[in-house]
$ cat upload-v2.cif   # mmCIF, C-alpha atoms
data_final
loop_
_atom_site.label_atom_id
_atom_site.label_comp_id
_atom_site.auth_asym_id
_atom_site.auth_seq_id
_atom_site.Cartn_x
_atom_site.Cartn_y
_atom_site.Cartn_z
CA MET A 183 0.00 0.00 0.00
CA MET A 184 1.40 3.38 -1.07
CA ASN A 185 0.55 6.78 0.37
CA ASP A 186 3.23 9.38 1.01
CA ILE A 187 0.86 11.75 2.87
CA PRO A 188 -0.86 9.85 5.69
CA LEU A 189 -4.63 9.97 5.67
CA SER A 190 -6.57 10.29 8.89
CA ARG A 191 -8.27 7.31 10.47
CA ASN A 192 -11.67 8.59 9.32
CA GLN A 193 -10.42 9.07 5.76
CA LEU A 194 -9.05 5.53 5.66
CA LEU A 195 -12.38 4.21 6.92
CA ASP A 196 -14.15 6.33 4.29
CA LEU A 197 -12.20 4.59 1.53
CA CYS A 198 -13.05 1.21 3.04
CA TYR A 199 -16.73 2.14 3.31
CA PHE A 200 -17.04 3.40 -0.27
CA MET A 201 -15.37 0.33 -1.77
CA ARG A 202 -17.67 -1.96 0.22
CA LEU A 203 -20.71 0.15 -0.67
CA ASN A 204 -19.68 0.04 -4.34
CA ARG A 205 -19.53 -3.75 -4.35
CA SER A 206 -22.66 -4.29 -2.28
CA LEU A 207 -24.72 -1.96 -4.45
CA GLU A 208 -23.57 -3.67 -7.64
CA ASP A 209 -24.25 -7.11 -6.14
CA ARG A 210 -27.77 -5.94 -5.39
CA LEU A 211 -28.20 -4.62 -8.94
CA ILE A 212 -27.14 -8.01 -10.33
CA ALA A 213 -29.69 -9.77 -8.12
CA LEU A 214 -32.42 -7.39 -9.27
CA TYR A 215 -31.44 -7.98 -12.89
CA ARG A 216 -31.67 -11.73 -12.47
CA GLN A 217 -35.09 -11.28 -10.88
CA SER A 218 -36.18 -9.14 -13.87
CA ILE A 219 -36.96 -6.28 -11.51
CA ILE A 220 -34.57 -4.24 -13.58
CA THR A 221 -34.13 -4.90 -17.30
CA ALA A 222 -31.14 -2.68 -18.08
CA THR A 223 -27.83 -4.44 -18.58
CA VAL A 224 -25.68 -4.24 -15.45
CA PHE A 225 -22.00 -3.40 -15.92
CA THR A 226 -20.17 -3.86 -12.66
CA SER A 227 -16.71 -3.00 -11.38
CA ARG A 228 -15.94 -6.03 -9.19
CA GLY A 229 -12.19 -6.06 -8.70
CA GLN A 230 -11.82 -2.45 -9.85
CA GLU A 231 -13.39 -0.58 -6.92
CA ALA A 232 -10.06 0.83 -5.71
CA THR A 233 -9.52 2.73 -8.96
CA SER A 234 -12.85 4.56 -8.89
CA VAL A 235 -12.94 5.20 -5.16
CA GLY A 236 -9.29 6.16 -4.74
CA SER A 237 -9.29 8.61 -7.65
CA ALA A 238 -12.61 10.28 -6.84
CA TYR A 239 -11.66 10.64 -3.16
CA ALA A 240 -8.68 12.79 -4.24
CA LEU A 241 -10.92 15.35 -5.97
CA ALA A 242 -11.63 18.75 -4.44
CA THR A 243 -15.21 19.88 -3.94
CA ASP A 244 -15.16 22.18 -6.99
CA ASP A 245 -13.52 19.67 -9.36
CA LEU A 246 -15.59 17.98 -12.07
CA VAL A 247 -15.57 14.30 -12.93
CA SER A 248 -17.31 12.22 -15.57
CA PRO A 249 -17.60 8.58 -14.49
CA ILE A 250 -18.07 5.96 -17.21
CA THR A 251 -19.29 2.37 -17.27
CA ARG A 252 -17.40 0.92 -14.30
CA ASN A 253 -17.09 4.01 -12.12
CA LEU A 254 -20.12 3.70 -9.88
CA GLY A 255 -17.71 4.08 -6.97
CA SER A 256 -16.74 7.55 -8.18
CA MET A 257 -20.40 8.58 -8.17
CA LEU A 258 -20.86 7.30 -4.63
CA VAL A 259 -17.80 9.18 -3.40
CA ARG A 260 -19.15 12.39 -4.96
CA GLY A 261 -22.40 12.01 -3.05
CA ILE A 262 -24.73 10.34 -5.55
CA PRO A 263 -27.04 8.22 -3.33
CA ALA A 264 -27.84 4.57 -3.97
CA ARG A 265 -31.48 5.70 -4.26
CA ASP A 266 -30.65 7.47 -7.52
CA ILE A 267 -28.91 4.36 -8.86
CA PHE A 268 -31.80 2.04 -8.02
CA THR A 269 -34.49 4.31 -9.45
CA GLN A 270 -32.38 4.95 -12.54
CA TYR A 271 -31.93 1.27 -13.36
CA MET A 272 -35.63 0.63 -12.72
CA GLY A 273 -36.72 3.49 -14.98
CA LYS A 274 -38.80 5.10 -12.26
CA ALA A 275 -40.27 8.62 -12.38
CA THR A 276 -38.20 9.52 -9.32
CA SER A 277 -34.91 8.73 -11.07
CA PRO A 278 -32.48 11.49 -12.08
CA THR A 279 -33.55 11.12 -15.74
CA LYS A 280 -37.22 10.52 -14.84
CA GLY A 281 -37.19 7.09 -16.45
CA LYS A 282 -35.66 8.09 -19.77
CA GLU A 283 -32.36 6.29 -19.25
CA ARG A 284 -31.73 2.98 -17.50
CA ILE A 285 -28.06 2.96 -16.62
CA HIS A 286 -25.93 5.26 -14.49
CA TYR A 287 -25.10 7.65 -17.34
CA PHE A 288 -26.45 10.68 -15.54
CA GLY A 289 -24.90 13.61 -13.78
CA ASP A 290 -25.44 16.05 -10.96
CA MET A 291 -23.54 19.28 -11.39
CA SER A 292 -24.21 20.25 -7.77
CA LYS A 293 -21.96 17.31 -6.87
CA GLY A 294 -19.48 17.92 -9.69
CA VAL A 295 -20.59 14.88 -11.68
CA VAL A 296 -20.84 15.32 -15.46
CA ALA A 297 -23.12 12.87 -17.28
CA SER A 298 -21.18 10.46 -19.46
CA LEU A 299 -21.80 9.54 -23.08
CA SER A 300 -22.17 5.84 -23.76
CA VAL A 301 -19.75 6.08 -26.71
CA LEU A 302 -16.57 5.41 -24.78
CA GLY A 303 -13.72 7.76 -25.57
CA ASP A 304 -15.98 10.71 -26.32
CA MET A 305 -15.71 12.07 -22.80
CA ILE A 306 -12.02 12.91 -23.27
CA PRO A 307 -12.64 15.85 -25.66
CA VAL A 308 -15.79 16.73 -23.71
CA MET A 309 -13.93 16.98 -20.42
CA ALA A 310 -11.02 18.75 -22.13
CA GLY A 311 -13.60 21.33 -23.25
CA ILE A 312 -14.88 21.60 -19.70
CA ALA A 313 -11.30 22.07 -18.49
CA MET A 314 -10.97 24.91 -20.99
CA ALA A 315 -14.17 26.48 -19.68
CA LEU A 316 -12.88 26.21 -16.10
CA ARG A 317 -9.74 28.08 -17.11
CA LEU A 318 -11.70 30.79 -18.96
CA GLN A 319 -13.84 31.27 -15.88
CA GLY A 320 -10.75 31.63 -13.72
CA ARG A 321 -11.70 28.68 -11.54
CA PRO A 322 -8.96 26.62 -9.83
CA SER A 323 -10.83 23.41 -10.67
CA VAL A 324 -9.76 20.31 -12.60
CA ALA A 325 -11.73 18.08 -14.96
CA MET A 326 -11.22 14.30 -14.78
CA THR A 327 -12.59 11.29 -16.59
CA TYR A 328 -11.87 7.62 -17.20
CA ILE A 329 -11.40 5.30 -20.15
CA GLY A 330 -10.84 1.60 -20.60
CA GLU A 331 -7.83 0.15 -22.37
CA GLY A 332 -9.97 -0.79 -25.37
CA ALA A 333 -11.36 2.70 -25.93
CA SER A 334 -7.85 4.14 -25.70
CA ALA A 335 -7.56 3.15 -29.38
CA THR A 336 -10.34 5.53 -30.47
CA GLY A 337 -9.76 8.73 -32.39
CA ASP A 338 -11.36 10.82 -29.65
CA PHE A 339 -8.73 9.58 -27.20
CA HIS A 340 -5.92 11.02 -29.32
CA GLU A 341 -7.68 14.19 -30.44
CA GLY A 342 -8.86 15.06 -26.94
CA LEU A 343 -5.48 14.45 -25.33
CA ASN A 344 -3.68 16.38 -28.05
CA LEU A 345 -5.94 19.39 -27.46
CA ALA A 346 -5.52 19.17 -23.68
CA SER A 347 -1.73 18.89 -23.92
CA VAL A 348 -1.25 21.70 -26.43
CA MET A 349 -3.36 24.05 -24.35
CA LYS A 350 -2.04 22.76 -20.99
CA LEU A 351 -5.57 22.29 -19.74
CA PRO A 352 -6.35 21.26 -16.14
CA PHE A 353 -7.36 17.73 -17.06
CA VAL A 354 -6.63 14.26 -15.69
CA LEU A 355 -7.30 11.03 -17.58
CA ILE A 356 -7.38 7.67 -15.83
CA ILE A 357 -6.97 4.60 -18.03
CA GLU A 358 -8.56 1.62 -16.33
CA ASN A 359 -6.54 -1.19 -17.84
CA ASN A 360 -8.67 -4.15 -16.79
CA ARG A 361 -6.98 -6.45 -19.33
CA TYR A 362 -9.96 -7.22 -21.58
CA ALA A 363 -11.89 -4.95 -23.95
CA TYR A 364 -15.03 -7.07 -23.96
CA SER A 365 -13.22 -10.32 -24.88
CA THR A 366 -10.10 -8.90 -26.56
CA PRO A 367 -6.92 -9.17 -24.45
CA VAL A 368 -5.11 -5.86 -24.10
CA LEU A 369 -1.98 -7.15 -25.86
CA LYS A 370 -4.07 -7.85 -28.96
CA GLY A 371 -5.49 -4.34 -28.96
CA ALA A 372 -2.28 -2.36 -28.48
CA ALA A 373 1.36 -2.91 -29.35
CA LEU A 374 2.45 -1.19 -26.15
CA PRO A 375 2.38 -3.18 -22.92
CA ASP A 376 1.93 0.05 -20.94
CA LEU A 377 -0.70 2.38 -22.35
CA ALA A 378 0.59 5.26 -20.24
CA MET A 379 3.60 5.38 -22.56
CA ARG A 380 1.38 7.21 -25.04
CA ALA A 381 1.69 10.28 -22.84
CA LYS A 382 5.17 10.82 -24.31
CA CYS A 383 3.54 11.56 -27.68
CA TYR A 384 1.76 14.52 -26.09
CA GLY A 385 4.60 15.72 -23.90
CA ILE A 386 2.67 15.19 -20.69
CA PRO A 387 3.45 13.23 -17.52
CA ALA A 388 2.06 9.78 -16.84
CA GLU A 389 2.18 7.23 -14.07
CA ILE A 390 1.37 3.55 -13.88
CA VAL A 391 -0.18 2.40 -10.61
CA ASP A 392 -1.53 -0.75 -9.06
CA GLY A 393 -5.23 -0.22 -9.70
CA ASN A 394 -6.08 -2.61 -6.87
CA ASP A 395 -4.25 -0.45 -4.32
CA VAL A 396 -6.66 2.31 -3.31
CA LEU A 397 -3.94 4.35 -1.61
CA ALA A 398 -1.63 4.20 -4.64
CA VAL A 399 -4.47 5.37 -6.89
CA HIS A 400 -5.36 8.14 -4.46
CA ARG A 401 -1.77 9.39 -4.25
CA ALA A 402 -1.21 9.38 -8.02
CA THR A 403 -4.50 11.17 -8.64
CA ARG A 404 -3.82 13.76 -5.97
CA GLU A 405 -0.44 14.54 -7.52
CA ALA A 406 -1.90 14.81 -11.02
CA LEU A 407 -4.62 17.12 -9.76
CA SER A 408 -2.02 19.26 -8.02
CA ARG A 409 0.00 19.62 -11.24
CA ALA A 410 -3.12 20.54 -13.20
CA ARG A 411 -4.13 23.13 -10.60
CA ALA A 412 -0.65 24.66 -10.79
CA GLY A 413 -1.03 25.23 -14.52
CA GLU A 414 1.23 22.35 -15.58
CA GLY A 415 -1.38 20.76 -17.84
CA PRO A 416 -2.90 17.30 -18.11
CA SER A 417 -1.68 13.91 -16.91
CA ILE A 418 -2.42 10.27 -17.63
CA ILE A 419 -2.72 7.66 -14.90
CA GLU A 420 -2.85 4.02 -15.98
CA ALA A 421 -4.39 1.82 -13.30
CA LYS A 422 -3.53 -1.84 -13.83
CA THR A 423 -6.48 -3.86 -12.60
CA MET A 424 -8.78 -6.73 -13.57
CA ARG A 425 -12.45 -7.09 -14.44
CA MET A 426 -13.51 -10.06 -12.33
CA HIS A 427 -16.53 -11.05 -14.42
CA GLY A 428 -17.88 -10.82 -17.95
CA HIS A 429 -18.28 -7.59 -19.86
CA SER A 430 -21.71 -7.33 -18.22
CA ASP A 431 -23.84 -9.57 -16.06
CA ALA A 432 -25.44 -10.84 -19.26
CA ASP A 433 -22.29 -12.69 -20.37
CA SER A 434 -19.52 -14.75 -18.83
CA SER A 435 -15.76 -14.37 -18.80
CA TRP A 436 -15.16 -17.79 -20.40
CA TYR A 437 -12.30 -16.37 -22.47
CA VAL A 438 -10.20 -15.51 -19.39
CA PRO A 439 -7.83 -18.30 -18.29
CA LYS A 440 -8.81 -19.75 -14.91
CA GLU A 441 -5.30 -19.21 -13.55
CA GLU A 442 -5.45 -15.52 -14.40
CA LEU A 443 -8.73 -15.04 -12.57
CA GLU A 444 -7.40 -16.90 -9.54
CA GLU A 445 -4.27 -14.75 -9.48
CA TRP A 446 -6.27 -11.52 -9.50
CA GLN A 447 -8.75 -12.84 -6.98
CA ARG A 448 -5.86 -13.03 -4.52
CA ARG A 449 -5.30 -9.32 -5.20
CA ASP A 450 -8.89 -8.32 -4.43
CA PRO A 451 -8.75 -4.59 -3.57
CA ILE A 452 -11.21 -4.75 -0.69
CA ASP A 453 -9.53 -7.71 0.99
CA ARG A 454 -6.10 -6.12 0.56
CA PHE A 455 -7.19 -2.82 2.05
CA ASP A 456 -8.93 -4.56 4.94
CA GLN A 457 -5.70 -6.36 5.77
CA HIS A 458 -3.75 -3.11 5.54
CA LEU A 459 -6.13 -1.32 7.90
CA ARG A 460 -6.08 -4.20 10.35
CA GLY A 461 -2.30 -3.97 10.37
CA LEU A 462 -2.57 -0.28 11.24
CA GLY A 463 -5.05 -1.00 14.02
CA VAL A 464 -7.73 1.02 12.22
CA LEU A 465 -10.06 -1.88 11.43
CA ASP A 466 -11.24 -4.89 13.40
CA ASP A 467 -14.11 -7.39 13.24
CA ALA A 468 -16.46 -5.09 15.15
CA ALA A 469 -15.75 -2.16 12.80
CA VAL A 470 -16.33 -4.35 9.73
CA LYS A 471 -19.60 -5.64 11.15
CA GLY A 472 -20.75 -2.10 11.92
CA MET A 473 -19.81 -0.90 8.42
CA GLU A 474 -21.63 -3.81 6.76
CA SER A 475 -24.71 -3.19 8.90
CA ARG A 476 -24.69 0.48 7.92
CA ILE A 477 -24.41 -0.37 4.22
CA HIS A 478 -27.21 -2.94 4.50
CA ARG A 479 -29.54 -0.41 6.16
CA GLU A 480 -28.79 2.28 3.60
CA LEU A 481 -29.28 -0.02 0.62
CA GLU A 482 -32.50 -1.53 1.99
CA ARG A 483 -33.93 1.92 2.65
CA ASP A 484 -33.07 3.23 -0.81
CA LEU A 485 -34.18 0.04 -2.56
CA GLU A 486 -37.56 0.17 -0.83
CA PHE A 487 -37.98 3.78 -2.00
CA ALA A 488 -37.17 2.72 -5.56
CA LEU A 489 -39.55 -0.25 -5.50
CA GLN A 490 -42.40 1.93 -4.23
CA SER A 491 -41.74 4.72 -6.74
CA PRO A 492 -44.11 5.03 -9.71
CA PHE A 493 -43.16 4.62 -13.34
CA PRO A 494 -43.27 7.83 -15.40
CA ASP A 495 -46.37 9.01 -17.19
CA PRO A 496 -46.12 8.44 -20.96
CA GLN A 497 -46.60 12.13 -21.79
CA ILE A 498 -43.28 13.13 -20.23
CA ALA A 499 -41.51 11.40 -23.12
CA LEU A 500 -41.70 14.69 -25.02
CA GLU A 501 -40.52 16.82 -22.12
CA GLY A 502 -36.90 17.93 -22.04
CA VAL A 503 -36.30 16.92 -25.65
CA TYR A 504 -36.08 20.46 -27.01
CA HIS A 505 -34.91 23.60 -25.30
CA GLU A 506 -37.89 25.58 -24.03
#

$ encode --input "upload-v2.cif" --output "structure tokens"
Amino acid sequence: MMNDIPLSRNQLLDLCYFMRLNRSLEDRLIALYRQSIITATVFTSRGQEATSVGSAYALATDDLVSPITRNLGSMLVRGIPARDIFTQYMGKATSPTKGKERIHYFGDMSKGVVASLSVLGDMIPVMAGIAMALRLQGRPSVAMTYIGEGASATGDFHEGLNLASVMKLPFVLIIENNRYAYSTPVLKGAALPDLAMRAKCYGIPAEIVDGNDVLAVHRATREALSRARAGEGPSIIEAKTMRMHGHSDADSSWYVPKEELEEWQRRDPIDRFDQHLRGLGVLDDAAVKGMESRIHRELERDLEFALQSPFPDPQIALEGVYHE
């Protein structure tokens, strides 16, 4: 575990709580999907929680972040409640998009969360544009988003990063290298073993971190944010991690060798952090039990709200389509 600036006991417990909440919420979404209570495809981040939680926890209140498919943890850290996630996936009238979207591609600017586009890669030029707007407004804020290793081959990846680097925009990109772009191994999608090496083409700094080490991700993100705030331009962080399931809950990971899955299971980010905190004397069985009880109560409360919420009236389909 890496962290050059010690976090307080409460901050360490926060990281532990958010990773556990992330996993528990996604486990509940999978169960609801299998029960046909929700019909939207569920894309989960099992095994990758440290990347989302550690990076988002480093953000300042006025920073802006656009989470993508496997960054539910980032949304939770920024204050998006599980209630919004449940109602969103169920298409309820009480959801952030009032039933018009059934996955967590929504935002809340009051919490600094920018809604993501489902075309992966597109958010790089979008967030670079937001970083430009932040500079024009004279705000000391930074824009951050994520991308998978597969989408790092898109044109928007290169065009957005080139713009951000040339203009030295306050922008941070996190590449979640989870080894498989759907079923394509990373080494068959890129000639470079380390995708962060592409930063050299843009003349910007980059760092490769253990994406299953929440403290390492937090430290690297904090440093990148600090550089951006100081006017030194964008950075790339490549988090090496593993997607411990299929591309979604609708398919399996049959193409991943069993030995590879077993190796990464031993590097589970939540288990590793638990052991680290126990070694520091910050966490014990009673604290874990209390945290799990808290998460269970919160999820049950928010799930009940979602189940009791009405579906939207058909006439609202035309609302919010055109600017009024």

$ residues_around --input "upload-v2.cif" --residues "Glu474 of chain A" --least-positions-apart "3" --cutoff "12 Å" --atoms "all atoms listed in the file" --output "NGL selection string"
:A and (198-207 or 467-471 or 477-481)

$ resolve_selection --input "upload-v2.cif" --expression "the PyMOL selection byres ((chain A and resi 325) around 8)" --output "PyMOL selection string"
chain A and resi 245-247+309-310+312-313+323-324+326-327+352-354

$ resolve_selection --input "upload-v2.cif" --expression "the PyMOL selection byres ((chain A and resi 347) around 7)" --output "MDAnalysis selection string"
chainID A and resid 343:346 348:351 384 386 415:416

$ residues_around --input "upload-v2.cif" --residues "Arg361 of chain A" --least-positions-apart "4" --cutoff "12 Å" --atoms "only C-alpha atoms" --output "ChimeraX atom specification"
/A:229-230,330-332,357,365-372,375-377,393,420-429,435,437-439,442-443,446

$ closest_residue --input "upload-v2.cif" --among "A:Leu397, A:Ser300, A:Lys282, A:Pro494" --to "Leu459 of chain A" --atoms "only C-alpha atoms"
A:Leu397

$ closest_residue --input "upload-v2.cif" --among "A:Arg409, A:Arg265, A:Lys440, A:Lys280" --to "Ala388 of chain A" --atoms "all atoms listed in the file"
A:Arg409

$ resolve_selection --input "upload-v2.cif" --expression "the PyMOL selection byres ((chain A and resi 431) around 9)" --output "list in words"
Ile212, Tyr215, Arg216, Thr223, Val224, Phe225, Thr226, His427, Gly428, His429, Ser430, Ala432, Asp433 and Ser434 of chain A

$ closest_residue --input "upload-v2.cif" --among "A:Val301, A:Ile452, A:Leu485, A:Ala315" --to "Val396 of chain A" --atoms "only C-alpha atoms"
A:Ile452

$ atom_distance --input "upload-v2.cif" --atom1 "atom CA of Leu489 of chain A" --atom2 "atom CA of Lys293 of chain A"
24.9 Å

$ closest_residue --input "upload-v2.cif" --among "A:Ala402, A:Ile250, A:Ala264, A:Leu316" --to "Ala297 of chain A" --atoms "only C-alpha atoms"
A:Ile250

$ closest_residue --input "upload-v2.cif" --among "A:Leu302, A:Val295, A:Ala488, A:Ala412" --to "Met272 of chain A" --atoms "all atoms listed in the file"
A:Ala488

$ residues_near_point --input "upload-v2.cif" --point "(-41.2, 3.8, -1.5)" --cutoff "12 Å" --atoms "all atoms listed in the file" --output "VMD selection string"
chain A and resid 265 268 to 269 274 to 276 482 to 492

$ atom_distance --input "upload-v2.cif" --atom1 "atom CA of Met305 of chain A" --atom2 "atom CA of Leu318 of chain A"
19.5 Å

$ atom_distance --input "upload-v2.cif" --atom1 "atom CA of Ala398 of chain A" --atom2 "atom CA of Arg317 of chain A"
28.1 Å

$ residues_near_point --input "upload-v2.cif" --point "(-11.2, 12.7, -8.0)" --cutoff "7 Å" --atoms "all atoms listed in the file" --output "CSV table (one decimal) with C-alpha atoms, in the frame of the given file"
chain,number,residue,atom,x,y,z
A,237,SER,CA,-9.3,8.6,-7.6
A,238,ALA,CA,-12.6,10.3,-6.8
A,239,TYR,CA,-11.7,10.6,-3.2
A,240,ALA,CA,-8.7,12.8,-4.2
A,241,LEU,CA,-10.9,15.4,-6.0
A,247,VAL,CA,-15.6,14.3,-12.9
A,326,MET,CA,-11.2,14.3,-14.8
A,403,THR,CA,-4.5,11.2,-8.6

$ closest_residue --input "upload-v2.cif" --among "A:Lys382, A:Ala363, A:Pro263, A:Asp395" --to "Asp450 of chain A" --atoms "only C-alpha atoms"
A:Asp395

$ residues_around --input "upload-v2.cif" --residues "Ile329 of chain A" --least-positions-apart "4" --cutoff "10 Å" --atoms "only C-alpha atoms" --output "ChimeraX atom specification"
/A:249-253,302-306,333-334,339,355-359,420

$ axis_aligned_box --input "upload-v2.cif" --around "segment 292-297 of chain A" --padding-each-side "3 Å" --output "AutoDock Vina command-line options"
--center_x -21.8 --center_y 16.6 --center_z -12.1 --size_x 10.7 --size_y 13.4 --size_z 16.4

$ decode --input "upload-v2.cif" --residues "segment 408-451 of chain A" --atoms "C-alpha atoms" --output "PDB file, in the first residue's frame"
ATOM      1  CA  SER A 408      -2.016  19.260  -8.025  1.00  0.00           C
ATOM      2  CA  ARG A 409      -0.004  19.616 -11.244  1.00  0.00           C
ATOM      3  CA  ALA A 410      -3.124  20.538 -13.203  1.00  0.00           C
ATOM      4  CA  ARG A 411      -4.130  23.129 -10.603  1.00  0.00           C
ATOM      5  CA  ALA A 412      -0.654  24.656 -10.788  1.00  0.00           C
ATOM      6  CA  GLY A 413      -1.031  25.227 -14.521  1.00  0.00           C
ATOM      7  CA  GLU A 414       1.226  22.346 -15.580  1.00  0.00           C
ATOM      8  CA  GLY A 415      -1.378  20.761 -17.841  1.00  0.00           C
ATOM      9  CA  PRO A 416      -2.898  17.297 -18.110  1.00  0.00           C
ATOM     10  CA  SER A 417      -1.678  13.909 -16.913  1.00  0.00           C
ATOM     11  CA  ILE A 418      -2.420  10.266 -17.625  1.00  0.00           C
ATOM     12  CA  ILE A 419      -2.721   7.657 -14.896  1.00  0.00           C
ATOM     13  CA  GLU A 420      -2.850   4.022 -15.977  1.00  0.00           C
ATOM     14  CA  ALA A 421      -4.392   1.817 -13.303  1.00  0.00           C
ATOM     15  CA  LYS A 422      -3.532  -1.845 -13.829  1.00  0.00           C
ATOM     16  CA  THR A 423      -6.480  -3.865 -12.602  1.00  0.00           C
ATOM     17  CA  MET A 424      -8.783  -6.734 -13.567  1.00  0.00           C
ATOM     18  CA  ARG A 425     -12.446  -7.086 -14.442  1.00  0.00           C
ATOM     19  CA  MET A 426     -13.508 -10.057 -12.327  1.00  0.00           C
ATOM     20  CA  HIS A 427     -16.534 -11.054 -14.416  1.00  0.00           C
ATOM     21  CA  GLY A 428     -17.876 -10.820 -17.948  1.00  0.00           C
ATOM     22  CA  HIS A 429     -18.280  -7.586 -19.860  1.00  0.00           C
ATOM     23  CA  SER A 430     -21.706  -7.327 -18.217  1.00  0.00           C
ATOM     24  CA  ASP A 431     -23.840  -9.567 -16.062  1.00  0.00           C
ATOM     25  CA  ALA A 432     -25.439 -10.844 -19.264  1.00  0.00           C
ATOM     26  CA  ASP A 433     -22.293 -12.688 -20.369  1.00  0.00           C
ATOM     27  CA  SER A 434     -19.518 -14.754 -18.833  1.00  0.00           C
ATOM     28  CA  SER A 435     -15.756 -14.370 -18.802  1.00  0.00           C
ATOM     29  CA  TRP A 436     -15.165 -17.786 -20.399  1.00  0.00           C
ATOM     30  CA  TYR A 437     -12.296 -16.373 -22.466  1.00  0.00           C
ATOM     31  CA  VAL A 438     -10.198 -15.511 -19.392  1.00  0.00           C
ATOM     32  CA  PRO A 439      -7.834 -18.297 -18.286  1.00  0.00           C
ATOM     33  CA  LYS A 440      -8.810 -19.754 -14.911  1.00  0.00           C
ATOM     34  CA  GLU A 441      -5.295 -19.211 -13.552  1.00  0.00           C
ATOM     35  CA  GLU A 442      -5.446 -15.522 -14.404  1.00  0.00           C
ATOM     36  CA  LEU A 443      -8.731 -15.043 -12.574  1.00  0.00           C
ATOM     37  CA  GLU A 444      -7.400 -16.899  -9.543  1.00  0.00           C
ATOM     38  CA  GLU A 445      -4.269 -14.747  -9.475  1.00  0.00           C
ATOM     39  CA  TRP A 446      -6.267 -11.518  -9.504  1.00  0.00           C
ATOM     40  CA  GLN A 447      -8.752 -12.843  -6.976  1.00  0.00           C
ATOM     41  CA  ARG A 448      -5.863 -13.027  -4.521  1.00  0.00           C
ATOM     42  CA  ARG A 449      -5.296  -9.316  -5.198  1.00  0.00           C
ATOM     43  CA  ASP A 450      -8.892  -8.316  -4.427  1.00  0.00           C
ATOM     44  CA  PRO A 451      -8.752  -4.588  -3.572  1.00  0.00           C
TER      45      PRO A 451
END
